[in-house]
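Participant: mmCIF, N, CA and C atoms, saved as structure-v9.cif, coming up:
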```cif
data_model
#
loop_
_atom_site.label_atom_id
_atom_site.label_comp_id
_atom_site.auth_asym_id
_atom_site.auth_seq_id
_atom_site.Cartn_x
_atom_site.Cartn_y
_atom_site.Cartn_z
N MET A 1 0.84 -1.17 0.00
CA MET A 1 0.00 0.00 0.00
C MET A 1 0.89 1.25 0.00
N LYS A 2 0.59 2.22 -0.87
CA LYS A 2 1.37 3.44 -1.00
C LYS A 2 0.91 4.44 0.05
N ALA A 3 1.86 4.99 0.76
CA ALA A 3 1.54 5.98 1.79
C ALA A 3 1.48 7.36 1.12
N TYR A 4 0.44 8.09 1.41
CA TYR A 4 0.28 9.43 0.87
C TYR A 4 0.69 10.45 1.92
N ARG A 5 1.47 11.40 1.47
CA ARG A 5 1.89 12.47 2.37
C ARG A 5 0.90 13.62 2.23
N LYS A 6 0.42 14.10 3.33
CA LYS A 6 -0.54 15.19 3.32
C LYS A 6 0.18 16.51 3.04
N VAL A 7 -0.32 17.26 2.10
CA VAL A 7 0.26 18.55 1.77
C VAL A 7 -0.69 19.63 2.26
N PRO A 8 -0.26 20.42 3.24
CA PRO A 8 -1.14 21.47 3.74
C PRO A 8 -1.26 22.60 2.72
N VAL A 9 -2.44 22.82 2.22
CA VAL A 9 -2.61 23.84 1.20
C VAL A 9 -2.92 25.21 1.79
N GLY A 10 -3.42 25.24 2.99
CA GLY A 10 -3.82 26.52 3.56
C GLY A 10 -2.81 27.11 4.51
N ALA A 11 -1.80 26.36 4.89
CA ALA A 11 -0.86 26.86 5.88
C ALA A 11 0.01 27.95 5.28
N HIS A 12 -0.05 29.12 5.86
CA HIS A 12 0.76 30.28 5.48
C HIS A 12 0.49 30.76 4.06
N TYR A 13 -0.63 30.37 3.48
CA TYR A 13 -0.97 30.86 2.14
C TYR A 13 -1.23 32.36 2.22
N GLY A 14 -0.53 33.10 1.42
CA GLY A 14 -0.72 34.55 1.38
C GLY A 14 0.14 35.32 2.37
N THR A 15 0.96 34.64 3.15
CA THR A 15 1.80 35.33 4.13
C THR A 15 2.78 36.27 3.44
N GLY A 16 3.35 35.81 2.33
CA GLY A 16 4.29 36.66 1.59
C GLY A 16 3.63 37.92 1.06
N ASP A 17 2.43 37.78 0.49
CA ASP A 17 1.70 38.95 0.00
C ASP A 17 1.31 39.87 1.15
N TRP A 18 0.93 39.27 2.28
CA TRP A 18 0.57 40.07 3.45
C TRP A 18 1.76 40.90 3.90
N LEU A 19 2.94 40.25 3.97
CA LEU A 19 4.14 40.94 4.40
C LEU A 19 4.54 42.03 3.39
N LEU A 20 4.47 41.72 2.11
CA LEU A 20 4.81 42.73 1.09
C LEU A 20 3.84 43.90 1.12
N GLN A 21 2.58 43.63 1.44
CA GLN A 21 1.63 44.73 1.53
C GLN A 21 1.98 45.64 2.70
N ARG A 22 2.43 45.06 3.81
CA ARG A 22 2.86 45.87 4.95
C ARG A 22 4.11 46.66 4.61
N LEU A 23 5.04 46.04 3.88
CA LEU A 23 6.26 46.75 3.49
C LEU A 23 5.97 47.88 2.51
N THR A 24 5.05 47.66 1.58
CA THR A 24 4.69 48.75 0.66
C THR A 24 4.01 49.88 1.42
N GLY A 25 3.21 49.53 2.42
CA GLY A 25 2.59 50.57 3.25
C GLY A 25 3.65 51.38 3.99
N LEU A 26 4.66 50.70 4.49
CA LEU A 26 5.77 51.39 5.17
C LEU A 26 6.53 52.28 4.20
N ALA A 27 6.80 51.77 3.00
CA ALA A 27 7.50 52.56 1.98
C ALA A 27 6.71 53.81 1.62
N MET A 28 5.39 53.68 1.51
CA MET A 28 4.57 54.84 1.19
C MET A 28 4.56 55.85 2.34
N ALA A 29 4.58 55.36 3.57
CA ALA A 29 4.62 56.25 4.73
C ALA A 29 5.95 57.01 4.78
N VAL A 30 7.06 56.32 4.51
CA VAL A 30 8.37 56.97 4.50
C VAL A 30 8.41 58.03 3.40
N TYR A 31 7.90 57.69 2.22
CA TYR A 31 7.87 58.66 1.12
C TYR A 31 7.05 59.90 1.52
N THR A 32 5.93 59.68 2.18
CA THR A 32 5.08 60.80 2.59
C THR A 32 5.84 61.73 3.53
N VAL A 33 6.58 61.16 4.47
CA VAL A 33 7.37 61.99 5.39
C VAL A 33 8.45 62.75 4.62
N VAL A 34 9.16 62.07 3.70
CA VAL A 34 10.19 62.73 2.90
C VAL A 34 9.58 63.85 2.06
N LEU A 35 8.44 63.60 1.47
CA LEU A 35 7.77 64.63 0.66
C LEU A 35 7.35 65.82 1.52
N LEU A 36 6.79 65.55 2.69
CA LEU A 36 6.37 66.65 3.56
C LEU A 36 7.56 67.49 4.02
N VAL A 37 8.67 66.84 4.35
CA VAL A 37 9.87 67.58 4.74
C VAL A 37 10.39 68.40 3.56
N GLY A 38 10.43 67.79 2.36
CA GLY A 38 10.89 68.50 1.18
C GLY A 38 10.03 69.70 0.85
N VAL A 39 8.73 69.55 0.97
CA VAL A 39 7.82 70.66 0.70
C VAL A 39 7.95 71.73 1.77
N ALA A 40 8.13 71.32 3.03
CA ALA A 40 8.30 72.29 4.11
C ALA A 40 9.57 73.11 3.92
N LEU A 41 10.62 72.47 3.43
CA LEU A 41 11.88 73.20 3.20
C LEU A 41 11.81 74.08 1.96
N ALA A 42 11.19 73.60 0.89
CA ALA A 42 11.15 74.35 -0.37
C ALA A 42 10.08 75.43 -0.36
N ARG A 43 9.00 75.20 0.37
CA ARG A 43 7.85 76.13 0.42
C ARG A 43 7.43 76.62 -0.97
N PRO A 44 7.06 75.68 -1.85
CA PRO A 44 6.67 76.10 -3.20
C PRO A 44 5.37 76.92 -3.18
N GLN A 45 5.35 77.98 -3.99
CA GLN A 45 4.18 78.86 -4.03
C GLN A 45 3.39 78.73 -5.33
N GLY A 46 4.08 78.54 -6.44
CA GLY A 46 3.41 78.47 -7.72
C GLY A 46 3.68 77.16 -8.43
N TYR A 47 3.13 77.06 -9.63
CA TYR A 47 3.26 75.82 -10.41
C TYR A 47 4.72 75.46 -10.67
N GLU A 48 5.53 76.44 -11.10
CA GLU A 48 6.93 76.16 -11.43
C GLU A 48 7.69 75.66 -10.21
N GLU A 49 7.44 76.24 -9.06
CA GLU A 49 8.12 75.80 -7.84
C GLU A 49 7.70 74.38 -7.45
N TRP A 50 6.40 74.08 -7.60
CA TRP A 50 5.93 72.72 -7.32
C TRP A 50 6.54 71.74 -8.30
N ARG A 51 6.62 72.13 -9.56
CA ARG A 51 7.22 71.28 -10.58
C ARG A 51 8.68 71.00 -10.26
N ASN A 52 9.39 72.02 -9.77
CA ASN A 52 10.80 71.86 -9.44
C ASN A 52 11.02 70.90 -8.28
N VAL A 53 10.04 70.76 -7.41
CA VAL A 53 10.17 69.79 -6.31
C VAL A 53 10.33 68.38 -6.87
N PHE A 54 9.66 68.08 -7.98
CA PHE A 54 9.66 66.73 -8.54
C PHE A 54 10.58 66.54 -9.73
N THR A 55 11.37 67.55 -10.10
CA THR A 55 12.22 67.39 -11.28
C THR A 55 13.57 66.77 -10.97
N GLY A 56 13.99 66.78 -9.73
CA GLY A 56 15.27 66.16 -9.38
C GLY A 56 15.21 64.65 -9.52
N PRO A 57 16.34 64.03 -9.84
CA PRO A 57 16.32 62.58 -10.04
C PRO A 57 15.90 61.79 -8.80
N PHE A 58 16.27 62.29 -7.60
CA PHE A 58 15.89 61.58 -6.37
C PHE A 58 14.37 61.56 -6.19
N MET A 59 13.75 62.73 -6.36
CA MET A 59 12.29 62.79 -6.15
C MET A 59 11.54 62.05 -7.25
N ARG A 60 12.05 62.10 -8.47
CA ARG A 60 11.40 61.34 -9.55
C ARG A 60 11.43 59.85 -9.24
N LEU A 61 12.60 59.37 -8.87
CA LEU A 61 12.74 57.95 -8.56
C LEU A 61 11.91 57.58 -7.33
N ALA A 62 11.99 58.39 -6.29
CA ALA A 62 11.22 58.12 -5.07
C ALA A 62 9.72 58.13 -5.35
N THR A 63 9.27 59.06 -6.17
CA THR A 63 7.85 59.14 -6.51
C THR A 63 7.43 57.95 -7.35
N MET A 64 8.27 57.52 -8.27
CA MET A 64 7.93 56.35 -9.07
C MET A 64 7.89 55.10 -8.20
N LEU A 65 8.83 54.97 -7.26
CA LEU A 65 8.80 53.84 -6.33
C LEU A 65 7.55 53.89 -5.45
N PHE A 66 7.13 55.10 -5.09
CA PHE A 66 5.88 55.25 -4.34
C PHE A 66 4.70 54.72 -5.14
N PHE A 67 4.63 55.08 -6.41
CA PHE A 67 3.52 54.61 -7.24
C PHE A 67 3.58 53.11 -7.49
N LEU A 68 4.78 52.55 -7.63
CA LEU A 68 4.91 51.10 -7.76
C LEU A 68 4.41 50.41 -6.49
N ALA A 69 4.80 50.94 -5.34
CA ALA A 69 4.33 50.37 -4.07
C ALA A 69 2.82 50.52 -3.93
N LEU A 70 2.30 51.66 -4.35
CA LEU A 70 0.86 51.90 -4.28
C LEU A 70 0.09 50.92 -5.15
N VAL A 71 0.58 50.70 -6.37
CA VAL A 71 -0.10 49.78 -7.28
C VAL A 71 -0.07 48.35 -6.74
N TYR A 72 1.08 47.91 -6.23
CA TYR A 72 1.13 46.55 -5.68
C TYR A 72 0.24 46.43 -4.44
N HIS A 73 0.28 47.43 -3.58
CA HIS A 73 -0.53 47.46 -2.37
C HIS A 73 -2.02 47.38 -2.73
N ALA A 74 -2.40 48.17 -3.71
CA ALA A 74 -3.81 48.16 -4.15
C ALA A 74 -4.18 46.84 -4.79
N TRP A 75 -3.27 46.26 -5.57
CA TRP A 75 -3.56 44.99 -6.22
C TRP A 75 -3.82 43.88 -5.20
N VAL A 76 -2.97 43.78 -4.19
CA VAL A 76 -3.14 42.73 -3.18
C VAL A 76 -4.48 42.92 -2.46
N GLY A 77 -4.79 44.14 -2.10
CA GLY A 77 -6.06 44.40 -1.43
C GLY A 77 -7.26 44.09 -2.30
N MET A 78 -7.23 44.55 -3.54
CA MET A 78 -8.36 44.31 -4.44
C MET A 78 -8.48 42.84 -4.78
N ARG A 79 -7.36 42.17 -4.99
CA ARG A 79 -7.40 40.73 -5.30
C ARG A 79 -8.05 39.96 -4.15
N ASP A 80 -7.67 40.31 -2.93
CA ASP A 80 -8.25 39.63 -1.77
C ASP A 80 -9.75 39.90 -1.66
N ILE A 81 -10.16 41.13 -1.90
CA ILE A 81 -11.58 41.46 -1.84
C ILE A 81 -12.34 40.70 -2.92
N LEU A 82 -11.80 40.69 -4.14
CA LEU A 82 -12.48 40.00 -5.23
C LEU A 82 -12.55 38.49 -4.99
N MET A 83 -11.49 37.93 -4.42
CA MET A 83 -11.49 36.49 -4.14
C MET A 83 -12.49 36.15 -3.04
N ASP A 84 -12.67 37.06 -2.09
CA ASP A 84 -13.59 36.79 -0.98
C ASP A 84 -15.05 36.96 -1.36
N TYR A 85 -15.36 37.93 -2.23
CA TYR A 85 -16.76 38.29 -2.45
C TYR A 85 -17.33 37.91 -3.81
N LEU A 86 -16.48 37.64 -4.80
CA LEU A 86 -16.99 37.22 -6.10
C LEU A 86 -16.78 35.72 -6.25
N ARG A 87 -17.84 34.96 -6.09
CA ARG A 87 -17.73 33.50 -6.11
C ARG A 87 -17.75 32.93 -7.52
N VAL A 88 -18.34 33.64 -8.47
CA VAL A 88 -18.41 33.16 -9.85
C VAL A 88 -17.04 33.40 -10.49
N THR A 89 -16.39 32.33 -10.92
CA THR A 89 -15.01 32.41 -11.39
C THR A 89 -14.85 33.35 -12.58
N SER A 90 -15.73 33.28 -13.54
CA SER A 90 -15.60 34.13 -14.73
C SER A 90 -15.77 35.60 -14.38
N LEU A 91 -16.69 35.90 -13.48
CA LEU A 91 -16.90 37.28 -13.05
C LEU A 91 -15.68 37.78 -12.26
N ARG A 92 -15.15 36.93 -11.39
CA ARG A 92 -13.97 37.29 -10.61
C ARG A 92 -12.78 37.54 -11.53
N LEU A 93 -12.58 36.68 -12.52
CA LEU A 93 -11.47 36.84 -13.46
C LEU A 93 -11.62 38.13 -14.25
N ALA A 94 -12.82 38.42 -14.71
CA ALA A 94 -13.06 39.66 -15.45
C ALA A 94 -12.78 40.88 -14.58
N ALA A 95 -13.21 40.83 -13.34
CA ALA A 95 -12.97 41.95 -12.42
C ALA A 95 -11.47 42.11 -12.14
N GLN A 96 -10.77 40.99 -11.98
CA GLN A 96 -9.33 41.07 -11.74
C GLN A 96 -8.59 41.64 -12.94
N VAL A 97 -8.97 41.24 -14.14
CA VAL A 97 -8.36 41.78 -15.35
C VAL A 97 -8.62 43.28 -15.44
N PHE A 98 -9.84 43.69 -15.12
CA PHE A 98 -10.19 45.11 -15.13
C PHE A 98 -9.32 45.88 -14.14
N VAL A 99 -9.16 45.36 -12.93
CA VAL A 99 -8.35 46.02 -11.92
C VAL A 99 -6.89 46.12 -12.38
N VAL A 100 -6.36 45.06 -12.95
CA VAL A 100 -4.97 45.08 -13.45
C VAL A 100 -4.81 46.14 -14.54
N LEU A 101 -5.76 46.21 -15.45
CA LEU A 101 -5.68 47.20 -16.53
C LEU A 101 -5.74 48.62 -15.98
N VAL A 102 -6.62 48.87 -15.04
CA VAL A 102 -6.74 50.20 -14.45
C VAL A 102 -5.45 50.57 -13.71
N LEU A 103 -4.92 49.64 -12.91
CA LEU A 103 -3.69 49.92 -12.18
C LEU A 103 -2.51 50.13 -13.12
N ALA A 104 -2.43 49.36 -14.19
CA ALA A 104 -1.36 49.53 -15.18
C ALA A 104 -1.48 50.89 -15.86
N PHE A 105 -2.71 51.30 -16.17
CA PHE A 105 -2.94 52.62 -16.77
C PHE A 105 -2.45 53.72 -15.84
N TYR A 106 -2.81 53.63 -14.55
CA TYR A 106 -2.40 54.66 -13.59
C TYR A 106 -0.88 54.69 -13.41
N LEU A 107 -0.25 53.53 -13.44
CA LEU A 107 1.21 53.48 -13.31
C LEU A 107 1.87 54.12 -14.54
N ALA A 108 1.37 53.82 -15.72
CA ALA A 108 1.90 54.43 -16.94
C ALA A 108 1.66 55.94 -16.95
N TRP A 109 0.50 56.35 -16.45
CA TRP A 109 0.18 57.77 -16.39
C TRP A 109 1.15 58.48 -15.43
N ALA A 110 1.43 57.87 -14.29
CA ALA A 110 2.37 58.46 -13.34
C ALA A 110 3.76 58.58 -13.98
N ALA A 111 4.20 57.55 -14.69
CA ALA A 111 5.50 57.60 -15.36
C ALA A 111 5.52 58.70 -16.43
N ALA A 112 4.44 58.84 -17.16
CA ALA A 112 4.37 59.89 -18.18
C ALA A 112 4.43 61.28 -17.56
N ILE A 113 3.80 61.44 -16.41
CA ILE A 113 3.84 62.74 -15.73
C ILE A 113 5.25 63.01 -15.20
N LEU A 114 5.88 62.01 -14.63
CA LEU A 114 7.20 62.22 -14.03
C LEU A 114 8.31 62.39 -15.05
N TRP A 115 8.25 61.65 -16.15
CA TRP A 115 9.35 61.70 -17.11
C TRP A 115 8.98 62.32 -18.46
N GLY A 116 7.73 62.59 -18.69
CA GLY A 116 7.32 63.21 -19.95
C GLY A 116 7.42 64.72 -19.87
N ARG A 117 7.79 65.31 -20.94
CA ARG A 117 7.85 66.78 -21.00
C ARG A 117 7.28 67.25 -22.30
#
```
Would you mind writing the structure in this file as structure tokens?

Facilitator:
Amino acid sequence: MKAYRKVPVGAHYGTGDWLLQRLTGLAMAVYTVVLLVGVALARPQGYEEWRNVFTGPFMRLATMLFFLALVYHAWVGMRDILMDYLRVTSLRLAAQVFVVLVLAFYLAWAAAILWGR
């Protein structure tokens, strides 16, 4: 008789995504503090001054990393919500594809704003 080894399918499922979501939240919080300090020091008054806050390579990169963290953070949250509340597989898949497309659009839009002139 062949012995079958039990494979736990639910143990720690999603722990990595949970941890990454917490890390992206931390990254966004750090960025917010850096942005607030930068704005407090620069005290921009008009459009050109606000634009200059984000034209340096550090702020562009930091802002893009913020948006990457935001998109991943939002994806994990939305995916979990859709998996919990949409029981029909085809409807859930369609909703997930829609969310991915919207998040990809927003990420591309952020990149176009930061690096497009």

Participant: Write out as an MDAnalysis selection string which residues come within 9 Å of Ala69 in chain A when counting only C-alpha atoms, dropping same-chain ones fewer than 6 positions away.

Facilitator: chainID A and resid 21 23:25 27:28

Participant: What is the distance, in Å and to one decimal place, between CA of Leu101 in chain A and atom C of Ile81 in chain A?

Facilitator: 16.5 Å

Participant: Out of chain A, which residues get alpha helix (DSSP H) from DSSP, as a PyMOL selection string?

Facilitator: chain A and resi 15-42+47-53+57-85+89-115

Participant: Translate the PyMOL selection byres (((chain A and resi 71-74 and name CA) around 12) and name CA), as applied to the file shown, into an explicit residue set as a PyMOL selection string.

Facilitator: chain A and resi 17-28+64-70+75-82+96+99-108+110

Participant: Since we have the selection now, will you write its residues out, keeping N, CA and C atoms, as an mmCIF file, in the coordinates of the input?

Facilitator:
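Okay, this is what ended up in selection.cif:
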```cif
data_model
loop_
_atom_site.group_PDB
_atom_site.id
_atom_site.type_symbol
_atom_site.label_atom_id
_atom_site.label_comp_id
_atom_site.auth_asym_id
_atom_site.auth_seq_id
_atom_site.Cartn_x
_atom_site.Cartn_y
_atom_site.Cartn_z
ATOM 1 N N ASP A 17 2.430 37.780 0.490
ATOM 2 C CA ASP A 17 1.700 38.950 0.000
ATOM 3 C C ASP A 17 1.310 39.870 1.150
ATOM 4 N N TRP A 18 0.930 39.270 2.280
ATOM 5 C CA TRP A 18 0.570 40.070 3.450
ATOM 6 C C TRP A 18 1.760 40.900 3.900
ATOM 7 N N LEU A 19 2.940 40.250 3.970
ATOM 8 C CA LEU A 19 4.140 40.940 4.400
ATOM 9 C C LEU A 19 4.540 42.030 3.390
ATOM 10 N N LEU A 20 4.470 41.720 2.110
ATOM 11 C CA LEU A 20 4.810 42.730 1.090
ATOM 12 C C LEU A 20 3.840 43.900 1.120
ATOM 13 N N GLN A 21 2.580 43.630 1.440
ATOM 14 C CA GLN A 21 1.630 44.730 1.530
ATOM 15 C C GLN A 21 1.980 45.640 2.700
ATOM 16 N N ARG A 22 2.430 45.060 3.810
ATOM 17 C CA ARG A 22 2.860 45.870 4.950
ATOM 18 C C ARG A 22 4.110 46.660 4.610
ATOM 19 N N LEU A 23 5.040 46.040 3.880
ATOM 20 C CA LEU A 23 6.260 46.750 3.490
ATOM 21 C C LEU A 23 5.970 47.880 2.510
ATOM 22 N N THR A 24 5.050 47.660 1.580
ATOM 23 C CA THR A 24 4.690 48.750 0.660
ATOM 24 C C THR A 24 4.010 49.880 1.420
ATOM 25 N N GLY A 25 3.210 49.530 2.420
ATOM 26 C CA GLY A 25 2.590 50.570 3.250
ATOM 27 C C GLY A 25 3.650 51.380 3.990
ATOM 28 N N LEU A 26 4.660 50.700 4.490
ATOM 29 C CA LEU A 26 5.770 51.390 5.170
ATOM 30 C C LEU A 26 6.530 52.280 4.200
ATOM 31 N N ALA A 27 6.800 51.770 3.000
ATOM 32 C CA ALA A 27 7.500 52.560 1.980
ATOM 33 C C ALA A 27 6.710 53.810 1.620
ATOM 34 N N MET A 28 5.390 53.680 1.510
ATOM 35 C CA MET A 28 4.570 54.840 1.190
ATOM 36 C C MET A 28 4.560 55.850 2.340
ATOM 37 N N MET A 64 8.270 57.520 -8.270
ATOM 38 C CA MET A 64 7.930 56.350 -9.070
ATOM 39 C C MET A 64 7.890 55.100 -8.200
ATOM 40 N N LEU A 65 8.830 54.970 -7.260
ATOM 41 C CA LEU A 65 8.800 53.840 -6.330
ATOM 42 C C LEU A 65 7.550 53.890 -5.450
ATOM 43 N N PHE A 66 7.130 55.100 -5.090
ATOM 44 C CA PHE A 66 5.880 55.250 -4.340
ATOM 45 C C PHE A 66 4.700 54.720 -5.140
ATOM 46 N N PHE A 67 4.630 55.080 -6.410
ATOM 47 C CA PHE A 67 3.520 54.610 -7.240
ATOM 48 C C PHE A 67 3.580 53.110 -7.490
ATOM 49 N N LEU A 68 4.780 52.550 -7.630
ATOM 50 C CA LEU A 68 4.910 51.100 -7.760
ATOM 51 C C LEU A 68 4.410 50.410 -6.490
ATOM 52 N N ALA A 69 4.800 50.940 -5.340
ATOM 53 C CA ALA A 69 4.330 50.370 -4.070
ATOM 54 C C ALA A 69 2.820 50.520 -3.930
ATOM 55 N N LEU A 70 2.300 51.660 -4.350
ATOM 56 C CA LEU A 70 0.860 51.900 -4.280
ATOM 57 C C LEU A 70 0.090 50.920 -5.150
ATOM 58 N N TRP A 75 -3.270 46.260 -5.570
ATOM 59 C CA TRP A 75 -3.560 44.990 -6.220
ATOM 60 C C TRP A 75 -3.820 43.880 -5.200
ATOM 61 N N VAL A 76 -2.970 43.780 -4.190
ATOM 62 C CA VAL A 76 -3.140 42.730 -3.180
ATOM 63 C C VAL A 76 -4.480 42.920 -2.460
ATOM 64 N N GLY A 77 -4.790 44.140 -2.100
ATOM 65 C CA GLY A 77 -6.060 44.400 -1.430
ATOM 66 C C GLY A 77 -7.260 44.090 -2.300
ATOM 67 N N MET A 78 -7.230 44.550 -3.540
ATOM 68 C CA MET A 78 -8.360 44.310 -4.440
ATOM 69 C C MET A 78 -8.480 42.840 -4.780
ATOM 70 N N ARG A 79 -7.360 42.170 -4.990
ATOM 71 C CA ARG A 79 -7.400 40.730 -5.300
ATOM 72 C C ARG A 79 -8.050 39.960 -4.150
ATOM 73 N N ASP A 80 -7.670 40.310 -2.930
ATOM 74 C CA ASP A 80 -8.250 39.630 -1.770
ATOM 75 C C ASP A 80 -9.750 39.900 -1.660
ATOM 76 N N ILE A 81 -10.160 41.130 -1.900
ATOM 77 C CA ILE A 81 -11.580 41.460 -1.840
ATOM 78 C C ILE A 81 -12.340 40.700 -2.920
ATOM 79 N N LEU A 82 -11.800 40.690 -4.140
ATOM 80 C CA LEU A 82 -12.480 40.000 -5.230
ATOM 81 C C LEU A 82 -12.550 38.490 -4.990
ATOM 82 N N GLN A 96 -10.770 40.990 -11.980
ATOM 83 C CA GLN A 96 -9.330 41.070 -11.740
ATOM 84 C C GLN A 96 -8.590 41.640 -12.940
ATOM 85 N N VAL A 99 -9.160 45.360 -12.930
ATOM 86 C CA VAL A 99 -8.350 46.020 -11.920
ATOM 87 C C VAL A 99 -6.890 46.120 -12.380
ATOM 88 N N VAL A 100 -6.360 45.060 -12.950
ATOM 89 C CA VAL A 100 -4.970 45.080 -13.450
ATOM 90 C C VAL A 100 -4.810 46.140 -14.540
ATOM 91 N N LEU A 101 -5.760 46.210 -15.450
ATOM 92 C CA LEU A 101 -5.680 47.200 -16.530
ATOM 93 C C LEU A 101 -5.740 48.620 -15.980
ATOM 94 N N VAL A 102 -6.620 48.870 -15.040
ATOM 95 C CA VAL A 102 -6.740 50.200 -14.450
ATOM 96 C C VAL A 102 -5.450 50.570 -13.710
ATOM 97 N N LEU A 103 -4.920 49.640 -12.910
ATOM 98 C CA LEU A 103 -3.690 49.920 -12.180
ATOM 99 C C LEU A 103 -2.510 50.130 -13.120
ATOM 100 N N ALA A 104 -2.430 49.360 -14.190
ATOM 101 C CA ALA A 104 -1.360 49.530 -15.180
ATOM 102 C C ALA A 104 -1.480 50.890 -15.860
ATOM 103 N N PHE A 105 -2.710 51.300 -16.170
ATOM 104 C CA PHE A 105 -2.940 52.620 -16.770
ATOM 105 C C PHE A 105 -2.450 53.720 -15.840
ATOM 106 N N TYR A 106 -2.810 53.630 -14.550
ATOM 107 C CA TYR A 106 -2.400 54.660 -13.590
ATOM 108 C C TYR A 106 -0.880 54.690 -13.410
ATOM 109 N N LEU A 107 -0.250 53.530 -13.440
ATOM 110 C CA LEU A 107 1.210 53.480 -13.310
ATOM 111 C C LEU A 107 1.870 54.120 -14.540
ATOM 112 N N ALA A 108 1.370 53.820 -15.720
ATOM 113 C CA ALA A 108 1.900 54.430 -16.940
ATOM 114 C C ALA A 108 1.660 55.940 -16.950
ATOM 115 N N ALA A 110 1.430 57.870 -14.290
ATOM 116 C CA ALA A 110 2.370 58.460 -13.340
ATOM 117 C C ALA A 110 3.760 58.580 -13.980
#
```

Participant: I'd like the neighbourhood of range 33-48 of chain A as a list in words, where a residue qualifies if any of its atoms comes within 10 Å (using only C-alpha atoms), though same-chain residues fewer than 5 positions away should be ignored.

Facilitator: Met28, Val53, Phe54, Met59, Ala62 and Thr63 of chain A
